[in-house]
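Q: For reference, this is start_36.cif, and it has mmCIF, C-alpha atoms and all ligand atoms.
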```
data_protein
#
loop_
_atom_site.group_PDB
_atom_site.id
_atom_site.type_symbol
_atom_site.label_atom_id
_atom_site.label_comp_id
_atom_site.auth_asym_id
_atom_site.auth_seq_id
_atom_site.Cartn_x
_atom_site.Cartn_y
_atom_site.Cartn_z
ATOM 1 C CA MET A 10 -38.921 3.647 -5.449
ATOM 2 C CA SER A 11 -36.209 2.801 -2.966
ATOM 3 C CA ARG A 12 -32.713 4.140 -3.570
ATOM 4 C CA GLU A 13 -31.346 0.637 -4.028
ATOM 5 C CA ARG A 14 -33.823 -0.198 -6.757
ATOM 6 C CA ALA A 15 -33.123 3.103 -8.510
ATOM 7 C CA VAL A 16 -29.500 2.099 -9.018
ATOM 8 C CA PRO A 17 -28.915 -0.212 -11.980
ATOM 9 C CA LYS A 18 -27.344 -3.440 -10.793
ATOM 10 C CA ALA A 19 -24.403 -5.008 -12.529
ATOM 11 C CA PRO A 20 -25.676 -7.927 -14.572
ATOM 12 C CA GLY A 21 -25.254 -11.020 -12.440
ATOM 13 C CA ALA A 22 -25.231 -8.984 -9.235
ATOM 14 C CA SER A 23 -28.734 -10.051 -8.367
ATOM 15 C CA ARG A 24 -27.979 -11.100 -4.807
ATOM 16 C CA TYR A 25 -27.112 -7.676 -3.449
ATOM 17 C CA ALA A 26 -27.276 -3.990 -4.196
ATOM 18 C CA ALA A 27 -24.343 -1.874 -3.115
ATOM 19 C CA PRO A 28 -24.921 1.676 -4.197
ATOM 20 C CA HIS A 29 -22.028 3.132 -2.193
ATOM 21 C CA TRP A 30 -18.577 2.199 -0.932
ATOM 22 C CA ARG A 31 -17.910 4.035 2.313
ATOM 23 C CA LEU A 32 -14.472 5.693 2.461
ATOM 24 C CA ARG A 33 -13.638 7.644 5.596
ATOM 25 C CA ASP A 34 -15.748 10.847 5.502
ATOM 26 C CA ARG A 35 -17.252 10.235 2.052
ATOM 27 C CA SER A 36 -18.398 7.511 -0.272
ATOM 28 C CA LEU A 37 -18.015 6.319 -3.844
ATOM 29 C CA ALA A 38 -21.257 5.579 -5.669
ATOM 30 C CA LEU A 39 -21.147 2.156 -7.301
ATOM 31 C CA ASP A 40 -23.677 3.052 -9.945
ATOM 32 C CA ARG A 41 -21.336 2.375 -12.916
ATOM 33 C CA PRO A 42 -18.014 0.583 -13.486
ATOM 34 C CA ARG A 43 -15.309 2.163 -11.354
ATOM 35 C CA LEU A 44 -11.647 2.184 -12.340
ATOM 36 C CA VAL A 45 -8.784 1.888 -9.888
ATOM 37 C CA GLY A 46 -5.697 3.218 -11.677
ATOM 38 C CA ILE A 47 -2.374 1.620 -10.690
ATOM 39 C CA VAL A 48 0.467 3.869 -9.521
ATOM 40 C CA ASN A 49 3.357 1.522 -8.742
ATOM 41 C CA VAL A 50 6.340 3.169 -7.085
ATOM 42 C CA THR A 51 8.482 0.050 -7.229
ATOM 43 C CA PRO A 52 11.675 -0.839 -9.077
ATOM 44 C CA ASP A 53 10.480 -4.419 -9.705
ATOM 45 C CA SER A 54 6.739 -4.611 -10.523
ATOM 46 C CA PHE A 55 6.100 -7.230 -13.186
ATOM 47 C CA SER A 56 4.779 -4.901 -15.893
ATOM 48 C CA ASP A 57 5.788 -1.357 -14.991
ATOM 49 C CA GLY A 58 8.641 -1.710 -12.491
ATOM 50 C CA GLY A 59 10.886 1.356 -12.380
ATOM 51 C CA ARG A 60 8.692 3.369 -14.761
ATOM 52 C CA HIS A 61 7.690 5.929 -12.143
ATOM 53 C CA ALA A 62 10.769 5.888 -9.967
ATOM 54 C CA THR A 63 10.737 9.433 -8.594
ATOM 55 C CA PRO A 64 7.837 10.904 -6.627
ATOM 56 C CA ASP A 65 7.359 13.583 -9.302
ATOM 57 C CA GLU A 66 7.086 10.971 -12.056
ATOM 58 C CA ALA A 67 4.630 8.909 -10.021
ATOM 59 C CA VAL A 68 2.480 11.960 -9.226
ATOM 60 C CA ALA A 69 2.479 12.950 -12.910
ATOM 61 C CA HIS A 70 1.454 9.401 -13.833
ATOM 62 C CA GLY A 71 -1.389 9.451 -11.273
ATOM 63 C CA SER A 72 -2.572 12.816 -12.598
ATOM 64 C CA ARG A 73 -2.599 11.381 -16.126
ATOM 65 C CA LEU A 74 -4.691 8.410 -14.967
ATOM 66 C CA LEU A 75 -7.213 10.784 -13.356
ATOM 67 C CA ASP A 76 -7.403 12.718 -16.643
ATOM 68 C CA GLU A 77 -8.078 9.461 -18.469
ATOM 69 C CA GLY A 78 -10.989 8.648 -16.174
ATOM 70 C CA ALA A 79 -9.662 6.796 -13.116
ATOM 71 C CA ASP A 80 -12.052 6.921 -10.138
ATOM 72 C CA VAL A 81 -9.431 5.806 -7.608
ATOM 73 C CA LEU A 82 -5.604 5.846 -7.608
ATOM 74 C CA ASP A 83 -3.914 2.848 -5.970
ATOM 75 C CA VAL A 84 -0.382 3.690 -4.816
ATOM 76 C CA GLY A 85 1.900 0.724 -4.122
ATOM 77 C CA GLY A 86 5.497 0.530 -2.892
ATOM 78 C CA GLU A 87 6.030 -3.234 -2.682
ATOM 79 C CA SER A 88 5.796 -5.647 -5.601
ATOM 80 C CA THR A 89 4.327 -9.143 -5.370
ATOM 81 C CA ARG A 90 5.676 -10.060 -8.825
ATOM 82 C CA PRO A 91 5.101 -13.660 -9.944
ATOM 83 C CA GLN A 92 8.823 -14.324 -10.465
ATOM 84 C CA GLY A 93 9.183 -14.157 -6.672
ATOM 85 C CA ALA A 94 9.050 -10.736 -5.075
ATOM 86 C CA ARG A 95 11.629 -9.201 -2.781
ATOM 87 C CA PRO A 96 9.768 -8.030 0.345
ATOM 88 C CA VAL A 97 10.708 -4.517 1.464
ATOM 89 C CA GLY A 98 10.765 -3.118 4.995
ATOM 90 C CA ALA A 99 8.108 -0.709 6.254
ATOM 91 C CA GLU A 100 10.546 2.194 6.300
ATOM 92 C CA GLU A 101 11.511 1.757 2.636
ATOM 93 C CA GLU A 102 7.872 1.289 1.638
ATOM 94 C CA ARG A 103 6.901 4.501 3.429
ATOM 95 C CA ARG A 104 9.823 6.319 1.782
ATOM 96 C CA ARG A 105 8.525 5.266 -1.628
ATOM 97 C CA ILE A 106 4.827 5.977 -1.254
ATOM 98 C CA LEU A 107 4.335 8.843 1.190
ATOM 99 C CA PRO A 108 5.711 11.640 -1.045
ATOM 100 C CA VAL A 109 3.507 10.335 -3.850
ATOM 101 C CA ILE A 110 0.333 10.293 -1.747
ATOM 102 C CA ARG A 111 1.223 13.728 -0.379
ATOM 103 C CA GLY A 112 1.848 15.079 -3.884
ATOM 104 C CA LEU A 113 -1.359 13.611 -5.307
ATOM 105 C CA ARG A 114 -3.410 14.927 -2.394
ATOM 106 C CA ALA A 115 -1.913 18.406 -2.802
ATOM 107 C CA LEU A 116 -2.791 18.521 -6.502
ATOM 108 C CA HIS A 117 -6.148 16.713 -6.382
ATOM 109 C CA ASP A 118 -7.923 17.404 -3.122
ATOM 110 C CA THR A 119 -11.025 15.376 -4.021
ATOM 111 C CA ALA A 120 -9.275 12.399 -5.645
ATOM 112 C CA VAL A 121 -9.889 9.021 -4.033
ATOM 113 C CA ILE A 122 -6.534 7.536 -3.045
ATOM 114 C CA SER A 123 -5.815 3.963 -2.049
ATOM 115 C CA VAL A 124 -2.632 2.438 -0.623
ATOM 116 C CA ASP A 125 -1.632 -1.064 -1.697
ATOM 117 C CA THR A 126 0.122 -2.538 1.344
ATOM 118 C CA VAL A 127 0.044 -5.515 3.701
ATOM 119 C CA LYS A 128 1.640 -3.584 6.582
ATOM 120 C CA ALA A 129 -0.399 -1.775 9.232
ATOM 121 C CA ASP A 130 2.353 0.795 9.899
ATOM 122 C CA VAL A 131 2.488 1.718 6.224
ATOM 123 C CA ALA A 132 -1.310 1.863 6.004
ATOM 124 C CA ALA A 133 -1.474 4.134 9.068
ATOM 125 C CA ALA A 134 1.113 6.513 7.598
ATOM 126 C CA ALA A 135 -0.689 6.595 4.239
ATOM 127 C CA LEU A 136 -4.037 7.283 5.916
ATOM 128 C CA ALA A 137 -2.405 10.134 7.861
ATOM 129 C CA GLU A 138 -1.299 11.630 4.502
ATOM 130 C CA GLY A 139 -4.875 11.554 3.251
ATOM 131 C CA ALA A 140 -5.360 8.116 1.685
ATOM 132 C CA ASP A 141 -8.977 6.910 1.749
ATOM 133 C CA ILE A 142 -8.614 3.180 1.127
ATOM 134 C CA VAL A 143 -6.335 0.338 2.228
ATOM 135 C CA ASN A 144 -5.921 -2.341 -0.444
ATOM 136 C CA ASP A 145 -4.472 -5.374 1.364
ATOM 137 C CA VAL A 146 -3.524 -8.224 -0.982
ATOM 138 C CA SER A 147 -3.295 -10.491 2.058
ATOM 139 C CA GLY A 148 -6.853 -9.686 3.178
ATOM 140 C CA PHE A 149 -5.608 -8.806 6.694
ATOM 141 C CA ARG A 150 -3.751 -12.149 7.024
ATOM 142 C CA LEU A 151 -0.181 -10.898 7.309
ATOM 143 C CA ASP A 152 -0.436 -8.074 9.843
ATOM 144 C CA PRO A 153 -2.750 -8.586 12.812
ATOM 145 C CA ARG A 154 -2.976 -4.814 13.406
ATOM 146 C CA MET A 155 -4.348 -3.998 9.951
ATOM 147 C CA GLY A 156 -8.004 -4.329 11.002
ATOM 148 C CA GLU A 157 -7.788 -2.004 13.966
ATOM 149 C CA ILE A 158 -5.860 0.630 11.945
ATOM 150 C CA CYS A 159 -8.477 0.588 9.171
ATOM 151 C CA ALA A 160 -11.384 0.592 11.610
ATOM 152 C CA ALA A 161 -9.958 3.525 13.607
ATOM 153 C CA ALA A 162 -9.617 5.623 10.424
ATOM 154 C CA SER A 163 -12.967 4.444 8.939
ATOM 155 C CA ALA A 164 -10.931 3.608 5.841
ATOM 156 C CA GLY A 165 -12.359 1.876 2.818
ATOM 157 C CA VAL A 166 -10.885 -1.608 2.603
ATOM 158 C CA VAL A 167 -10.135 -4.069 -0.201
ATOM 159 C CA LEU A 168 -9.760 -7.629 1.084
ATOM 160 C CA MET A 169 -8.062 -9.664 -1.620
ATOM 161 C CA HIS A 170 -7.792 -13.455 -1.637
ATOM 162 C CA SER A 171 -4.275 -14.846 -1.579
ATOM 163 C CA ARG A 172 -2.223 -17.505 0.147
ATOM 164 C CA GLY A 173 1.347 -17.367 1.422
ATOM 165 C CA GLY A 174 3.588 -14.356 2.021
ATOM 166 C CA VAL A 175 4.668 -11.399 -0.126
ATOM 167 C CA ALA A 176 7.556 -13.353 -1.675
ATOM 168 C CA ASP A 177 5.452 -16.254 -2.959
ATOM 169 C CA MET A 178 1.798 -15.207 -3.020
ATOM 170 C CA ALA A 179 1.855 -14.552 -6.789
ATOM 171 C CA THR A 180 3.718 -17.812 -7.532
ATOM 172 C CA TYR A 181 2.172 -21.284 -7.795
ATOM 173 C CA ALA A 182 3.630 -22.391 -4.441
ATOM 174 C CA HIS A 183 0.181 -22.417 -2.808
ATOM 175 C CA ALA A 184 -1.944 -22.957 -5.937
ATOM 176 C CA SER A 185 -3.385 -26.337 -4.982
ATOM 177 C CA TYR A 186 -7.152 -26.631 -5.001
ATOM 178 C CA GLY A 187 -9.632 -29.474 -5.125
ATOM 179 C CA SER A 188 -12.407 -29.721 -7.697
ATOM 180 C CA ASP A 189 -14.119 -26.460 -6.642
ATOM 181 C CA VAL A 190 -11.628 -23.565 -6.654
ATOM 182 C CA VAL A 191 -14.444 -21.010 -6.485
ATOM 183 C CA GLY A 192 -15.904 -22.662 -3.382
ATOM 184 C CA GLU A 193 -12.505 -22.636 -1.657
ATOM 185 C CA VAL A 194 -11.890 -18.979 -2.457
ATOM 186 C CA VAL A 195 -15.408 -18.049 -1.304
ATOM 187 C CA ALA A 196 -14.784 -19.828 2.014
ATOM 188 C CA GLU A 197 -11.358 -18.207 2.514
ATOM 189 C CA LEU A 198 -12.683 -14.747 1.599
ATOM 190 C CA ALA A 199 -15.620 -15.242 3.983
ATOM 191 C CA ALA A 200 -13.088 -15.816 6.778
ATOM 192 C CA ARG A 201 -11.233 -12.598 5.845
ATOM 193 C CA LEU A 202 -14.530 -10.700 5.781
ATOM 194 C CA GLU A 203 -15.338 -12.035 9.241
ATOM 195 C CA ALA A 204 -11.893 -11.004 10.525
ATOM 196 C CA ALA A 205 -12.392 -7.463 9.227
ATOM 197 C CA ARG A 206 -15.840 -7.222 10.802
ATOM 198 C CA ALA A 207 -14.478 -8.565 14.105
ATOM 199 C CA ALA A 208 -11.786 -5.845 14.046
ATOM 200 C CA GLY A 209 -14.533 -3.234 13.790
ATOM 201 C CA VAL A 210 -14.400 -2.408 10.075
ATOM 202 C CA ALA A 211 -17.849 -1.286 8.904
ATOM 203 C CA GLU A 212 -19.595 -3.609 6.476
ATOM 204 C CA GLU A 213 -20.165 -0.785 3.933
ATOM 205 C CA ALA A 214 -16.423 -0.021 3.897
ATOM 206 C CA ILE A 215 -15.472 -3.466 2.583
ATOM 207 C CA VAL A 216 -14.884 -4.593 -1.016
ATOM 208 C CA LEU A 217 -13.785 -8.146 -1.895
ATOM 209 C CA ASP A 218 -11.365 -9.309 -4.593
ATOM 210 C CA PRO A 219 -10.749 -12.896 -5.796
ATOM 211 C CA GLY A 220 -7.035 -12.137 -6.306
ATOM 212 C CA LEU A 221 -6.548 -13.212 -9.916
ATOM 213 C CA GLY A 222 -3.082 -14.722 -10.383
ATOM 214 C CA PHE A 223 -2.397 -14.893 -6.628
ATOM 215 C CA ALA A 224 -1.765 -18.544 -5.673
ATOM 216 C CA LYS A 225 -3.691 -19.313 -8.859
ATOM 217 C CA ARG A 226 -2.786 -20.907 -12.151
ATOM 218 C CA SER A 227 -4.525 -19.641 -15.286
ATOM 219 C CA GLU A 228 -7.334 -22.177 -14.990
ATOM 220 C CA HIS A 229 -7.997 -21.034 -11.414
ATOM 221 C CA SER A 230 -8.176 -17.356 -12.401
ATOM 222 C CA LEU A 231 -10.532 -18.207 -15.261
ATOM 223 C CA ALA A 232 -12.730 -20.326 -12.989
ATOM 224 C CA LEU A 233 -12.945 -17.400 -10.568
ATOM 225 C CA LEU A 234 -13.876 -14.926 -13.284
ATOM 226 C CA GLY A 235 -16.591 -17.295 -14.482
ATOM 227 C CA GLY A 236 -17.656 -17.888 -10.874
ATOM 228 C CA LEU A 237 -17.993 -14.204 -9.892
ATOM 229 C CA PRO A 238 -21.770 -14.560 -9.371
ATOM 230 C CA ARG A 239 -20.986 -17.015 -6.549
ATOM 231 C CA LEU A 240 -18.670 -14.462 -4.928
ATOM 232 C CA THR A 241 -21.407 -11.814 -4.969
ATOM 233 C CA ALA A 242 -23.253 -14.073 -2.509
ATOM 234 C CA LEU A 243 -20.797 -12.850 0.154
ATOM 235 C CA GLY A 244 -22.777 -9.624 0.037
ATOM 236 C CA ARG A 245 -20.012 -7.149 -0.739
ATOM 237 C CA PRO A 246 -19.078 -5.405 -4.009
ATOM 238 C CA LEU A 247 -16.355 -7.091 -6.046
ATOM 239 C CA LEU A 248 -13.116 -5.646 -7.423
ATOM 240 C CA VAL A 249 -11.084 -7.583 -9.988
ATOM 241 C CA GLY A 250 -7.542 -7.076 -11.190
ATOM 242 C CA ALA A 251 -6.720 -8.986 -14.365
ATOM 243 C CA SER A 252 -4.491 -6.207 -15.640
ATOM 244 C CA ARG A 253 -1.674 -7.543 -17.870
ATOM 245 C CA LYS A 254 -1.465 -10.757 -15.837
ATOM 246 C CA ARG A 255 0.060 -14.085 -16.880
ATOM 247 C CA PHE A 256 -3.246 -15.791 -17.687
ATOM 248 C CA ILE A 257 -4.008 -13.018 -20.193
ATOM 249 C CA GLY A 258 -0.608 -13.676 -21.792
ATOM 250 C CA GLU A 259 -1.218 -17.430 -21.860
ATOM 251 C CA ILE A 260 -4.566 -17.078 -23.643
ATOM 252 C CA THR A 261 -3.459 -14.421 -26.135
ATOM 253 C CA GLY A 262 0.151 -15.522 -26.658
ATOM 254 C CA VAL A 263 1.317 -11.980 -25.849
ATOM 255 C CA THR A 264 4.530 -12.272 -23.861
ATOM 256 C CA GLU A 265 5.177 -8.591 -23.119
ATOM 257 C CA PRO A 266 2.914 -7.572 -20.184
ATOM 258 C CA ALA A 267 2.505 -3.977 -21.415
ATOM 259 C CA ASP A 268 1.033 -5.329 -24.677
ATOM 260 C CA ARG A 269 -1.753 -7.280 -22.936
ATOM 261 C CA VAL A 270 -4.216 -4.363 -22.876
ATOM 262 C CA ASP A 271 -6.730 -5.845 -25.332
ATOM 263 C CA GLY A 272 -6.842 -9.196 -23.543
ATOM 264 C CA THR A 273 -7.208 -7.436 -20.189
ATOM 265 C CA VAL A 274 -10.151 -5.388 -21.442
ATOM 266 C CA GLY A 275 -11.826 -8.621 -22.589
ATOM 267 C CA ALA A 276 -11.467 -10.130 -19.124
ATOM 268 C CA HIS A 277 -12.832 -7.018 -17.454
ATOM 269 C CA VAL A 278 -15.849 -6.649 -19.742
ATOM 270 C CA ALA A 279 -16.679 -10.279 -18.906
ATOM 271 C CA ALA A 280 -16.216 -9.522 -15.198
ATOM 272 C CA LEU A 281 -18.560 -6.542 -15.467
ATOM 273 C CA ALA A 282 -21.206 -8.790 -17.017
ATOM 274 C CA LEU A 283 -20.757 -11.269 -14.163
ATOM 275 C CA GLY A 284 -21.118 -8.808 -11.293
ATOM 276 C CA ALA A 285 -17.865 -6.876 -10.639
ATOM 277 C CA TRP A 286 -18.089 -3.132 -9.945
ATOM 278 C CA LEU A 287 -14.425 -2.148 -9.646
ATOM 279 C CA PHE A 288 -11.452 -2.831 -11.923
ATOM 280 C CA ARG A 289 -7.806 -2.338 -10.964
ATOM 281 C CA VAL A 290 -6.019 -1.393 -14.180
ATOM 282 C CA HIS A 291 -2.787 -0.025 -15.637
ATOM 283 C CA ASP A 292 -4.480 1.164 -18.848
ATOM 284 C CA VAL A 293 -7.214 3.543 -17.778
ATOM 285 C CA ARG A 294 -8.259 5.134 -21.063
ATOM 286 C CA ALA A 295 -8.980 1.834 -22.840
ATOM 287 C CA HIS A 296 -10.999 0.598 -19.868
ATOM 288 C CA ARG A 297 -12.924 3.845 -19.454
ATOM 289 C CA HIS A 298 -14.154 3.619 -23.016
ATOM 290 C CA ALA A 299 -14.758 -0.135 -23.137
ATOM 291 C CA LEU A 300 -16.489 -0.486 -19.776
ATOM 292 C CA ASP A 301 -18.627 2.641 -20.224
ATOM 293 C CA VAL A 302 -19.884 1.306 -23.557
ATOM 294 C CA ALA A 303 -20.460 -2.206 -22.165
ATOM 295 C CA TRP A 304 -22.272 -0.690 -19.182
ATOM 296 C CA ALA A 305 -24.497 1.432 -21.422
ATOM 297 C CA VAL A 306 -25.552 -1.740 -23.250
ATOM 298 C CA PHE A 307 -26.233 -3.700 -20.027
ATOM 299 C CA ARG A 308 -28.203 -0.802 -18.543
ATOM 300 C CA GLU A 309 -30.289 -0.519 -21.688
ATOM 301 C CA ARG A 310 -31.019 -4.236 -21.513
ATOM 302 C CA ALA A 311 -31.992 -4.016 -17.828
ATOM 303 C CA SER A 312 -34.346 -1.069 -18.261
HETATM 304 N N1 LIG B 401 -2.743 -7.256 -8.216
HETATM 305 C C1 LIG B 401 -1.501 -6.773 -7.995
HETATM 306 C C2 LIG B 401 -1.256 -5.890 -6.931
HETATM 307 N N2 LIG B 401 -2.264 -5.481 -6.124
HETATM 308 N N3 LIG B 401 -4.545 -5.528 -5.518
HETATM 309 C C3 LIG B 401 -5.789 -6.002 -5.709
HETATM 310 N N4 LIG B 401 -6.792 -5.602 -4.901
HETATM 311 N N5 LIG B 401 -6.080 -6.873 -6.718
HETATM 312 C C4 LIG B 401 -5.115 -7.332 -7.576
HETATM 313 O O1 LIG B 401 -5.439 -8.154 -8.460
HETATM 314 C C5 LIG B 401 -3.773 -6.861 -7.385
HETATM 315 C C6 LIG B 401 -3.526 -5.944 -6.326
HETATM 316 C C7 LIG B 401 -0.373 -7.173 -8.898
HETATM 317 O O2 LIG B 401 -0.267 -6.290 -9.968
HETATM 318 P P1 LIG B 401 0.813 -5.100 -10.084
HETATM 319 O O3 LIG B 401 0.614 -4.073 -9.029
HETATM 320 O O4 LIG B 401 0.753 -4.587 -11.467
HETATM 321 O O5 LIG B 401 2.198 -5.849 -9.943
HETATM 322 P P2 LIG B 401 3.294 -5.931 -8.802
HETATM 323 O O6 LIG B 401 2.724 -6.707 -7.649
HETATM 324 O O7 LIG B 401 4.445 -6.668 -9.478
HETATM 325 O O8 LIG B 401 3.680 -4.536 -8.392
#
```
Can the structure in the file be given as structure tokens, please?
A:
Amino acid sequence: MSRERAVPKAPGASRYAAPHWRLRDRSLALDRPRLVGIVNVTPDSFSDGGRHATPDEAVAHGSRLLDEGADVLDVGGESTRPQGARPVGAEEERRRILPVIRGLRALHDTAVISVDTVKADVAAAALAEGADIVNDVSGFRLDPRMGEICAAASAGVVLMHSRGGVADMATYAHASYGSDVVGEVVAELAARLEAARAAGVAEEAIVLDPGLGFAKRSEHSLALLGGLPRLTALGRPLLVGASRKRFIGEITGVTEPADRVDGTVGAHVAALALGAWLFRVHDVRAHRHALDVAWAVFRERAS
């Protein structure tokens, strides 16, 4: 039996098999749901701003997320909060994240570390400190040098769909779509995928993300979750990030973002059933348990 057929596919992921995500000198097997734990080192993130303000606190938080079952830690130093984010300069972003990446790498030499940035200079500095992945919420739109930096380091890459700049990409300023929001996002993500390939990023290094809540009203995010099988047609593994977002609050009536864990887990279990492999989350323990159980059921059904 071929290796690809030996790996259980996510339900709905019938159009491709992606057993591994290539990350620099190693790879992450996508043979079960993978959790990307969020380590925000920002004063203003929408749900956890200022919670891990010092490098020591952020490193301790990342270590806790690894203990709870995170497969990847995503370190971010610039918020895109929906209330309109305040963009920060590259120097300030580096000042926030580099000690955290350095500290995590020193404590956890095999941990997979991602940097959440739209700036090539920041990505390059994070990769030099030992990060494995660049998570670009602009999908290489905002900094023309991002592709070459990632290609040169053989970094893993997350290309997320968004529109606009850092200050307004999580608002509704660019949230106008015709009758087929999924089709528009597929087309725009296909263009980002092509840009990454053209810059020399290896196909196996790329993961795609529909960008829930980014230039999207609740109905758009829901349409994209329901339409995940159409995104798998792009041929790359999918990451989703519903964690604590507005559309979860609108459906559940929970106004405090930190209390939206249950609703988030519901969205992510649905996404797993529809073909996603990776989940960017604040609440690792709840997701580890829920997605492992859901996966065990799906695997049983597929066998
Ligand atoms: N969402 C946020 C930030 N980065 N990256 C990917 N790939 N996918 C996402 O959905 C995504 C992301 C926003 O969430 P958060 O980091 O909690 O908030 P803030 O931007 O306010 O720091």
Q: As a quick test: using only C-alpha atoms and all ligand atoms, which residues lie no more than 9 Å away from ligand LIG 401 (chain B)? Give them as a count of residues only.
A: 51
Q: Using all atoms listed in the file, which of the listed residues (A:Glu77, A:Glu203, A:Glu66, A:Asp34) sits closest to Arg105 (chain A)?
A: A:Glu66
Q: Around all the atoms of region 209-213 of chain A listed in the file, draw an axis-aligned box and extend it by 8 Å on each of the six sides; I want its centre and edge lengths in Å to one decimal, as lines of an AutoDock Vina configuration file.
A:
```
center_x = -17.3
center_y = -2.2
center_z = 8.9
size_x = 21.8
size_y = 18.8
size_z = 25.9
```
Q: Written as JSON, numbers by chain, what is the full residue list that the PyMOL selection byres (((chain A and resi 128) around 9) and not hetatm) yields on the file shown?
A: {"A": [99, 126, 127, 129, 130, 131, 132, 133, 145, 149, 151, 152, 154, 155]}
Q: Could the residues in this selection be written to a file with C-alpha atoms, as a PDB file, in the frame of the given file?
A:
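Saved result, out06.pdb, follows:
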```
ATOM      1  CA  ALA A  99       8.108  -0.709   6.254  1.00  0.00           C
ATOM      2  CA  THR A 126       0.122  -2.538   1.344  1.00  0.00           C
ATOM      3  CA  VAL A 127       0.044  -5.515   3.701  1.00  0.00           C
ATOM      4  CA  ALA A 129      -0.399  -1.775   9.232  1.00  0.00           C
ATOM      5  CA  ASP A 130       2.353   0.795   9.899  1.00  0.00           C
ATOM      6  CA  VAL A 131       2.488   1.718   6.224  1.00  0.00           C
ATOM      7  CA  ALA A 132      -1.310   1.863   6.004  1.00  0.00           C
ATOM      8  CA  ALA A 133      -1.474   4.134   9.068  1.00  0.00           C
ATOM      9  CA  ASP A 145      -4.472  -5.374   1.364  1.00  0.00           C
ATOM     10  CA  PHE A 149      -5.608  -8.806   6.694  1.00  0.00           C
ATOM     11  CA  LEU A 151      -0.181 -10.898   7.309  1.00  0.00           C
ATOM     12  CA  ASP A 152      -0.436  -8.074   9.843  1.00  0.00           C
ATOM     13  CA  ARG A 154      -2.976  -4.814  13.406  1.00  0.00           C
ATOM     14  CA  MET A 155      -4.348  -3.998   9.951  1.00  0.00           C
TER      15      MET A 155
END
```
Q: Could you please give me, as a ChimeraX atom specification, the residues of protein, DNA or RNA lying at most 9 Å from (-0.5, 7.5, -17.0) in the coordinate frame of the file, considering all atoms listed in the file?
A: /A:46-48,67,69-77,291-293
Q: Between A:Gly78, A:Pro28, A:Gly59, A:Gly192, which one has atoms that come closest to Arg297 (chain A), using only C-alpha atoms?
A: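 Closest to Arg297 (chain A) of all the choices is A:Gly78.
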Q: I'd like the residues picked by the PyMOL selection byres (((chain A and resi 236) around 12) and not hetatm) written out as a count of residues only, using the chain letters and numbers from the file.
A: 31
Q: Just checking: using all atoms listed in the file, which residue out of A:Ala162, A:Leu300, A:Leu107, A:Leu287 ends up closest to Ala211 (chain A)?
A: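 Nearest candidate to Ala211 (chain A) out of A:Ala162, A:Leu300, A:Leu107, A:Leu287: A:Ala162.
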Q: For Phe256 (chain A), which of A:Val143, A:Val109, A:Ala276, A:Ala164 is the closest residue, counting all atoms listed in the file?
A: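 Looking only at the distances to Phe256 (chain A), the closest residue turns out to be A:Ala276.
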Q: If I take CA of Cys159 (chain A) and CA of Glu212 (chain A), how far is one from the other in Å, to one decimal?
A: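 CA of Cys159 (chain A) sits 12.2 Å away from CA of Glu212 (chain A).
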Q: One number please: CA of Pro108 (chain A) to CA of Val121 (chain A), in Å, one decimal.
A: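 CA of Pro108 (chain A) sits 16.1 Å away from CA of Val121 (chain A).
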Q: For a test of reading the model, state the distance in Å between CA of Arg245 (chain A) and CA of His277 (chain A), rounded to one decimal.
A: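 Distance between the two atoms: 18.2 Å.
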Q: Go through A:Val68, A:Val175, A:Leu281, A:Ala208 and flag the residue nearest Gly93 (chain A), using only C-alpha atoms for the distances.
A: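 Of A:Val68, A:Val175, A:Leu281, A:Ala208, the one nearest Gly93 (chain A), counting only C-alpha atoms, is A:Val175.
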Q: Give me, as a PyMOL selection string, all polymer residues having an atom no more than 9 Å from Gly209 (chain A), counting only C-alpha atoms and skipping those fewer than 4 positions away in the same chain.
A: chain A and resi 156-157+159-161+204-205
Q: I'd like to know which of A:Gly272, A:Pro42, A:Pro266, A:Gly139 is closest to Ile110 (chain A), using only C-alpha atoms.
A: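 Of all the options, A:Gly139 lies closest to Ile110 (chain A).
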Q: Tell me which protein, DNA and RNA residues are within 9 Å of Ala182 (chain A), counting all atoms listed in the file, leaving out same-chain ones fewer than 3 positions away, and put them as a list in words.
A: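 The contact residues come out as Arg172, Gly173, Asp177, Met178, Ala179, Ser185 and Ala224 of chain A.
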Q: Determine the residue membership of the PyMOL selection byres (((chain A and resi 138) around 8) and not hetatm) for the file above and supply it as an NGL selection string.
A: :A and (107 or 110-111 or 114 or 134-137 or 139-140)
